[in-house]
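Dropping target.csv in here (CSV, C-alpha atoms):
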chain,number,residue,atom,x,y,z
A,1,MET,CA,17.7,41.4,36.4
A,2,THR,CA,14.7,43.6,36.9
A,3,ASP,CA,13.9,46.4,34.5
A,4,MET,CA,14.8,48.8,37.3
A,5,LYS,CA,18.3,47.3,37.5
A,6,ARG,CA,18.7,47.4,33.8
A,7,THR,CA,17.7,51.0,33.8
A,8,ASP,CA,20.3,51.8,36.4
A,9,PHE,CA,23.0,50.1,34.4
A,10,PHE,CA,22.0,52.0,31.3
A,11,GLN,CA,22.1,55.3,33.3
A,12,LEU,CA,25.5,54.3,34.5
A,13,ILE,CA,27.0,53.8,31.0
A,14,GLN,CA,24.9,56.5,29.2
A,15,PRO,CA,27.5,59.3,29.9
A,16,LEU,CA,30.1,57.2,28.0
A,17,THR,CA,28.3,57.3,24.7
A,18,ASP,CA,30.1,60.3,23.2
A,19,LYS,CA,33.5,59.2,24.6
A,20,LEU,CA,33.0,55.8,23.0
A,21,TYR,CA,32.1,57.3,19.7
A,22,ARG,CA,35.1,59.6,19.8
A,23,PHE,CA,37.5,56.7,20.2
A,24,ALA,CA,35.6,54.7,17.6
A,25,PHE,CA,35.9,57.6,15.1
A,26,ALA,CA,39.7,57.7,15.8
A,27,MET,CA,39.8,54.1,14.7
A,28,MET,CA,37.2,54.4,11.8
A,29,PRO,CA,36.8,57.8,10.2
A,30,ASP,CA,33.3,57.3,9.1
A,31,ASP,CA,30.1,58.1,11.0
A,32,LEU,CA,28.3,54.9,10.3
A,33,GLN,CA,31.3,52.7,10.8
A,34,ALA,CA,32.2,54.4,14.1
A,35,GLU,CA,28.6,54.0,15.3
A,36,GLN,CA,28.5,50.4,14.4
A,37,LEU,CA,31.9,49.8,16.1
A,38,VAL,CA,30.5,51.3,19.3
A,39,ILE,CA,27.4,49.1,19.2
A,40,ASP,CA,29.3,45.9,18.4
A,41,SER,CA,31.9,46.5,21.1
A,42,PHE,CA,29.3,47.2,23.6
A,43,ASN,CA,27.3,44.1,22.7
A,44,ALA,CA,30.5,42.0,22.9
A,45,TYR,CA,31.3,43.4,26.3
A,46,LEU,CA,27.7,42.8,27.6
A,47,ILE,CA,27.8,39.2,26.4
A,48,LYS,CA,31.2,38.6,28.0
A,49,GLU,CA,30.6,40.4,31.3
A,50,LYS,CA,26.9,39.5,31.6
A,51,LYS,CA,27.3,37.4,34.7
A,52,SER,CA,29.4,40.0,36.6
A,53,ILE,CA,27.1,42.9,35.5
A,54,LEU,CA,24.0,40.9,36.6
A,55,ARG,CA,25.6,40.3,40.0
A,56,GLN,CA,26.6,43.9,40.6
A,57,ASP,CA,24.2,46.2,42.3
A,58,VAL,CA,24.5,49.7,40.9
A,59,ASP,CA,23.7,52.4,43.4
A,60,LEU,CA,23.4,55.6,41.4
A,61,THR,CA,23.3,57.6,44.6
A,62,GLN,CA,26.9,56.6,45.5
A,63,LYS,CA,28.6,59.6,43.9
A,64,LYS,CA,32.1,58.6,45.1
A,65,THR,CA,32.2,55.0,43.7
A,66,LEU,CA,30.2,55.7,40.5
A,67,PRO,CA,33.0,57.2,38.4
A,68,VAL,CA,35.3,54.3,39.4
A,69,ILE,CA,32.7,51.7,38.3
A,70,ARG,CA,31.9,53.7,35.1
A,71,ARG,CA,35.6,53.9,34.2
A,72,LYS,CA,35.9,50.1,34.7
A,73,HIS,CA,33.1,49.5,32.2
A,74,PHE,CA,34.6,52.1,29.9
A,75,LYS,CA,37.9,50.3,29.8
A,76,GLY,CA,36.2,47.0,29.3
A,77,ILE,CA,34.2,48.2,26.3
A,78,LEU,CA,37.3,49.9,24.8
A,79,GLN,CA,39.2,46.7,25.1
A,80,HIS,CA,36.7,45.1,22.7
A,81,MET,CA,36.6,48.1,20.5
A,82,ILE,CA,40.4,48.0,20.1
A,83,THR,CA,40.3,44.3,19.0
A,84,ILE,CA,37.3,44.7,16.7
A,85,GLY,CA,38.4,48.2,15.4
A,86,LEU,CA,41.9,47.1,14.5
A,87,ARG,CA,40.6,44.2,12.5
A,88,ARG,CA,38.0,46.3,10.7
A,89,SER,CA,40.3,49.3,10.0
A,90,ILE,CA,42.7,46.9,8.2
A,91,GLN,CA,39.9,45.2,6.3
A,92,LEU,CA,38.2,48.5,5.3
A,93,ASN,CA,41.4,50.5,4.8
A,94,GLU,CA,40.8,51.4,1.2
A,95,GLN,CA,37.1,52.2,1.7
A,96,LEU,CA,37.9,54.4,4.7
A,97,LYS,CA,40.5,56.5,2.8
A,98,ILE,CA,37.6,58.3,1.1
A,99,SER,CA,35.9,59.4,4.3
A,100,ARG,CA,39.1,60.5,6.1
A,101,PRO,CA,38.7,64.1,7.3
A,102,ASP,CA,41.4,66.4,5.7
A,103,ASP,CA,42.2,68.0,9.0
A,104,PHE,CA,43.5,64.8,10.5
A,105,LYS,CA,45.2,63.3,7.4
A,106,ALA,CA,48.5,62.7,9.1
A,107,PHE,CA,46.8,60.9,12.0
A,108,TYR,CA,44.8,58.6,9.7
A,109,GLU,CA,47.9,57.7,7.7
A,110,LEU,CA,49.4,56.1,10.8
A,111,ASP,CA,49.3,52.4,11.5
A,112,PRO,CA,45.9,51.6,13.2
A,113,LYS,CA,47.7,50.2,16.3
A,114,VAL,CA,49.7,53.5,16.7
A,115,ARG,CA,46.5,55.4,16.2
A,116,SER,CA,44.6,53.5,18.8
A,117,VAL,CA,47.5,54.0,21.4
A,118,LEU,CA,47.8,57.7,20.6
A,119,ALA,CA,44.0,58.2,21.0
A,120,LEU,CA,44.0,56.3,24.3
A,121,ARG,CA,46.9,58.3,25.6
A,122,PHE,CA,46.2,61.8,24.4
A,123,GLU,CA,42.4,61.9,23.8
A,124,ALA,CA,41.0,59.5,26.4
A,125,GLN,CA,43.9,60.3,28.8
A,126,PHE,CA,44.8,56.8,29.9
A,127,THR,CA,48.1,56.0,31.5
A,128,VAL,CA,50.7,53.8,29.8
A,129,GLU,CA,49.9,51.1,32.4
A,130,GLU,CA,46.2,51.2,31.6
A,131,ILE,CA,46.9,51.1,27.8
A,132,GLU,CA,49.1,48.1,28.4
A,133,ASP,CA,46.1,46.4,30.1
A,134,MET,CA,43.6,47.3,27.5
A,135,THR,CA,45.7,46.5,24.4
A,136,ALA,CA,47.5,43.5,25.9
A,137,MET,CA,50.7,45.0,24.4
A,138,PRO,CA,53.8,44.9,26.6
A,139,LYS,CA,54.7,48.3,28.2
A,140,TYR,CA,57.8,48.8,26.0
A,141,GLU,CA,55.6,48.4,22.9
A,142,VAL,CA,53.0,50.9,24.2
A,143,ILE,CA,55.8,53.5,24.9
A,144,GLU,CA,57.4,52.8,21.5
A,145,LYS,CA,54.1,53.4,19.7
A,146,ILE,CA,53.5,56.6,21.6
A,147,HIS,CA,57.0,57.9,20.7
A,148,ASN,CA,56.8,56.8,17.0
A,149,GLY,CA,53.3,58.3,16.6
A,150,ARG,CA,54.4,61.6,18.2
A,151,PHE,CA,57.5,61.7,16.1
A,152,LEU,CA,55.6,61.0,12.8
A,153,LEU,CA,52.8,63.5,13.6
A,154,LEU,CA,55.2,66.3,14.5
A,155,ASN,CA,57.4,65.5,11.5
A,156,HIS,CA,54.4,65.8,9.3
A,157,LEU,CA,53.7,69.2,10.8
A,158,ASN,CA,57.3,70.4,10.3
A,159,ALA,CA,57.2,69.1,6.7
A,160,GLU,CA,54.0,71.1,6.1
A,161,ALA,CA,55.5,74.2,7.6
A,162,THR,CA,58.5,74.1,5.3
A,163,LEU,CA,56.4,73.8,2.2
B,1,MET,CA,76.4,64.8,39.0
B,2,ILE,CA,74.4,68.1,38.8
B,3,GLU,CA,74.2,67.6,35.0
B,4,ASN,CA,72.9,64.1,35.6
B,5,SER,CA,70.1,65.2,37.8
B,6,PHE,CA,69.1,68.0,35.3
B,7,THR,CA,68.9,65.3,32.6
B,8,ASN,CA,66.8,63.1,34.9
B,9,TYR,CA,64.4,65.9,35.6
B,10,SER,CA,64.2,66.8,31.9
B,11,LYS,CA,63.1,63.3,31.2
B,12,LYS,CA,60.2,63.8,33.6
B,13,ILE,CA,58.7,66.8,31.7
B,14,VAL,CA,56.3,64.7,29.6
B,15,PRO,CA,54.9,62.7,32.5
B,16,TYR,CA,54.6,66.0,34.4
B,17,LEU,CA,52.6,67.6,31.6
B,18,ASP,CA,50.3,64.7,30.9
B,19,GLY,CA,49.5,64.1,34.5
B,20,SER,CA,50.9,60.6,34.9
B,21,MET,CA,53.1,61.5,37.8
B,22,SER,CA,52.1,60.8,41.4
B,23,GLN,CA,51.4,63.8,43.7
B,24,ASP,CA,54.8,63.3,45.5
B,25,GLU,CA,56.7,63.2,42.2
B,26,VAL,CA,54.9,66.4,41.1
B,27,SER,CA,55.9,68.2,44.3
B,28,GLU,CA,59.5,67.1,44.0
B,29,PHE,CA,59.6,68.1,40.3
B,30,GLU,CA,58.0,71.5,40.9
B,31,ALA,CA,60.5,72.2,43.7
B,32,TYR,CA,63.4,71.4,41.4
B,33,VAL,CA,61.9,73.6,38.6
B,34,MET,CA,61.7,76.6,41.1
B,35,THR,CA,65.4,76.5,41.4
B,36,HIS,CA,66.1,75.8,37.7
B,37,PRO,CA,64.5,78.3,35.4
B,38,GLU,CA,66.1,76.8,32.3
B,39,LEU,CA,64.0,73.7,32.9
B,40,GLU,CA,60.9,75.9,32.9
B,41,ALA,CA,61.7,77.0,29.4
B,42,GLN,CA,62.0,73.4,28.4
B,43,ILE,CA,58.6,72.7,30.0
B,44,ASN,CA,56.9,75.5,28.1
B,45,THR,CA,58.3,74.3,24.8
B,46,LYS,CA,57.2,70.7,25.5
B,47,ALA,CA,53.7,72.0,26.6
B,48,GLU,CA,53.3,73.7,23.2
B,49,GLU,CA,54.4,70.6,21.4
B,50,MET,CA,51.9,68.5,23.4
B,51,SER,CA,49.0,70.8,22.7
B,52,LEU,CA,50.0,70.8,19.0
B,53,LEU,CA,50.0,67.0,19.1
B,54,LYS,CA,46.5,66.8,20.8
B,55,SER,CA,45.2,69.1,18.1
B,56,MET,CA,46.3,66.5,15.5
B,57,ILE,CA,44.3,63.7,17.1
B,58,PRO,CA,40.6,63.8,16.2
B,59,ALA,CA,38.1,64.2,19.0
B,60,GLN,CA,35.0,64.0,16.9
B,61,SER,CA,31.8,64.1,18.8
B,62,PRO,CA,28.7,62.5,17.3
B,63,THR,CA,26.1,64.6,15.6
B,64,TYR,CA,22.8,65.1,17.5
B,65,GLU,CA,21.2,62.4,15.4
B,66,THR,CA,24.0,59.9,15.8
B,67,HIS,CA,24.1,60.5,19.5
B,68,ASP,CA,20.4,59.8,19.8
B,69,SER,CA,20.5,56.7,17.6
B,70,LEU,CA,23.6,55.4,19.5
B,71,GLU,CA,21.9,55.9,22.9
B,72,SER,CA,18.8,54.1,21.8
B,73,GLU,CA,20.9,51.2,20.4
B,74,LEU,CA,22.9,50.9,23.6
B,75,LYS,CA,19.7,51.0,25.6
B,76,GLN,CA,18.2,48.2,23.5
B,77,SER,CA,21.3,46.1,23.9
B,78,VAL,CA,21.1,46.5,27.7
B,79,PHE,CA,17.5,45.4,27.8
B,80,ASN,CA,18.0,42.5,25.3
B,81,LEU,CA,21.3,41.1,26.5
B,82,LEU,CA,21.1,41.6,30.2
B,83,LYS,CA,18.6,38.9,31.0
B,84,GLU,CA,18.7,36.5,33.8
B,85,ASP,CA,18.9,32.9,32.4
B,86,HIS,CA,16.4,30.4,33.6
B,87,ARG,CA,18.6,28.5,36.1
B,88,THR,CA,17.8,25.1,37.5
B,89,LEU,CA,18.6,24.2,41.1
B,90,MET,CA,21.7,22.3,39.9
B,91,ASN,CA,22.9,25.3,37.9
B,92,ARG,CA,22.6,27.5,40.9
B,93,ILE,CA,24.5,25.1,43.1
B,94,GLN,CA,27.2,24.9,40.4
B,95,ASP,CA,27.4,28.8,40.3
B,96,LYS,CA,27.7,29.0,44.0
B,97,TRP,CA,30.4,26.3,44.0
B,98,GLU,CA,32.3,28.2,41.2
B,99,GLU,CA,32.0,31.4,43.2
B,100,PHE,CA,33.3,29.7,46.3
B,101,VAL,CA,36.3,28.0,44.5
B,102,ASN,CA,37.3,31.2,42.8
B,103,ARG,CA,37.1,33.3,45.9
Let me see whether you can do it: turn the structure in this file into structure tokens.
Amino acid sequence: MTDMKRTDFFQLIQPLTDKLYRFAFAMMPDDLQAEQLVIDSFNAYLIKEKKSILRQDVDLTQKKTLPVIRRKHFKGILQHMITIGLRRSIQLNEQLKISRPDDFKAFYELDPKVRSVLALRFEAQFTVEEIEDMTAMPKYEVIEKIHNGRFLLLNHLNAEATL
Amino acid sequence: MIENSFTNYSKKIVPYLDGSMSQDEVSEFEAYVMTHPELEAQINTKAEEMSLLKSMIPAQSPTYETHDSLESELKQSVFNLLKEDHRTLMNRIQDKWEEFVNR
């Protein structure tokens, strides 16, 4: 791959930086951990998809197809982020309790799998079918996690309101 | 029968609000809502609940420093990991064969 092509690929994924960080932060409520999670997931994706990326010609002037290609890469990177992030958030659970922002206490008390599904659905705006693909969970499990998460979050809010 | 279809449309409120409905379904749903104002009230309540829910999910953007450092790390990864392997003639034939077989 020429330097030019690598520059094009970087330009293609550059607008995803903040979105990737936002999802990583929903998994790991710590600035350094979230940053590391983005880097590791991105590297894992590049290693796995190296061949197909090298074969693909990115034409940055194609305004119509660009968002579709970018979204495909976004989903691919998130797929790795979910796998790595779930493992890490379980391993570092105690450590991460300290850095949890108070504003989102209820969210971070949820099971990491529920958290990831909720963030994919309501923050990243993916459909249930896309989440099913990315998480390798069956559709009924994705729907169940969305319902449970929604129920628990709203319950927490109601409990706070009655205090 | 009428009650049944009202229940069916009530179940479609969430997909309608979060945009997961197809354009045809949206048109059909909106046409039904026009003739059933009681469903509109339900939609408004659900919309409030959804926005409340979204506000409970963090959407933390990186700080300026984190954003910069993250971008430079990603750029470095692209330049370090996306390198063409030195391929022998046999490797290339193998690649082409794999490509052909998997077509």
Which residues are close to Lys46 in chain B, i.e. within 8 Å by only C-alpha atoms, leaving aside same-chain residues fewer than 4 positions away? Reply as an NGL selection string. :B and (13-14 or 42 or 50)
Hey, what's within 9 Å of His80 in chain A if we count only C-alpha atoms and toss same-chain stuff fewer than 3 positions away? As a list in words, please?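 Selected residues are Asp40, Ser41, Phe42, Ala44, Tyr45, Lys75, Gly76, Ile77, Thr83, Ile84, Gly85 and Met134 of chain A.
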Between B:Ala31, B:Leu39, B:Leu70, B:Met90, which is the closest to chain A once you count all atoms listed in the file?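 Comparing B:Ala31, B:Leu39, B:Leu70, B:Met90 against chain A, the winner is B:Leu70.
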Could you write out as number ranges by chain the residues of chain B within 9 Å of chain A, counting all atoms listed in the file? B: 18-20, 49-50, 52-63, 66-67, 69-71, 73-75, 77-79, 81-84
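Of the listed residues B:Glu48, B:Glu99, B:Tyr64, B:Glu38, the one whose atoms come nearest to Thr7 in chain B is B:Glu38, with distances taken using only C-alpha atoms.
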For CA of Pro37 in chain B and CA of Asn8 in chain B, determine how far apart the two atoms are, in Å to one decimal place. 15.4 Å
Could you work out how far CA of Glu98 in chain B lies from CA of Val58 in chain A, giving the answer in Å with one decimal?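 CA of Val58 in chain A sits 22.9 Å away from CA of Glu98 in chain B.
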Would you mind completing range 24-44 of chain B to N, CA and C atoms and writing the output as a short mmCIF file (atom, residue, chain, number, x, y, z; two decimals), keeping the file's coordinate frame?
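File out-v1.cif, as written:
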data_model
loop_
_atom_site.label_atom_id
_atom_site.label_comp_id
_atom_site.auth_asym_id
_atom_site.auth_seq_id
_atom_site.Cartn_x
_atom_site.Cartn_y
_atom_site.Cartn_z
N ASP B 24 53.44 63.08 44.91
CA ASP B 24 54.80 63.30 45.50
C ASP B 24 55.79 63.66 44.47
N GLU B 25 55.73 62.95 43.33
CA GLU B 25 56.70 63.20 42.20
C GLU B 25 56.48 64.65 41.69
N VAL B 26 55.20 65.05 41.61
CA VAL B 26 54.90 66.40 41.10
C VAL B 26 55.50 67.44 42.04
N SER B 27 55.33 67.24 43.34
CA SER B 27 55.90 68.20 44.30
C SER B 27 57.39 68.29 44.18
N GLU B 28 58.02 67.14 44.07
CA GLU B 28 59.50 67.10 44.00
C GLU B 28 59.94 67.78 42.67
N PHE B 29 59.21 67.48 41.59
CA PHE B 29 59.60 68.10 40.30
C PHE B 29 59.41 69.59 40.32
N GLU B 30 58.29 70.04 40.87
CA GLU B 30 58.00 71.50 40.90
C GLU B 30 59.06 72.22 41.79
N ALA B 31 59.47 71.55 42.86
CA ALA B 31 60.50 72.20 43.70
C ALA B 31 61.80 72.31 42.97
N TYR B 32 62.14 71.35 42.15
CA TYR B 32 63.40 71.40 41.40
C TYR B 32 63.28 72.52 40.31
N VAL B 33 62.10 72.61 39.67
CA VAL B 33 61.90 73.60 38.60
C VAL B 33 62.05 75.04 39.19
N MET B 34 61.59 75.23 40.42
CA MET B 34 61.70 76.60 41.10
C MET B 34 63.12 77.05 41.11
N THR B 35 64.04 76.12 41.26
CA THR B 35 65.40 76.50 41.40
C THR B 35 66.19 76.42 40.04
N HIS B 36 65.51 75.93 39.00
CA HIS B 36 66.10 75.80 37.70
C HIS B 36 65.26 76.38 36.59
N PRO B 37 65.34 77.69 36.39
CA PRO B 37 64.50 78.30 35.40
C PRO B 37 64.67 77.82 33.97
N GLU B 38 65.89 77.31 33.69
CA GLU B 38 66.10 76.80 32.30
C GLU B 38 65.26 75.57 32.04
N LEU B 39 64.89 74.85 33.09
CA LEU B 39 64.00 73.70 32.90
C LEU B 39 62.57 74.17 32.62
N GLU B 40 62.23 75.31 33.18
CA GLU B 40 60.90 75.90 32.90
C GLU B 40 60.71 76.21 31.46
N ALA B 41 61.78 76.71 30.85
CA ALA B 41 61.70 77.00 29.40
C ALA B 41 61.46 75.74 28.62
N GLN B 42 62.14 74.69 29.02
CA GLN B 42 62.00 73.40 28.40
C GLN B 42 60.52 72.90 28.52
N ILE B 43 59.97 73.12 29.71
CA ILE B 43 58.60 72.70 30.00
C ILE B 43 57.61 73.42 29.06
N ASN B 44 57.83 74.73 28.93
CA ASN B 44 56.90 75.50 28.10
C ASN B 44 56.98 75.04 26.62
#
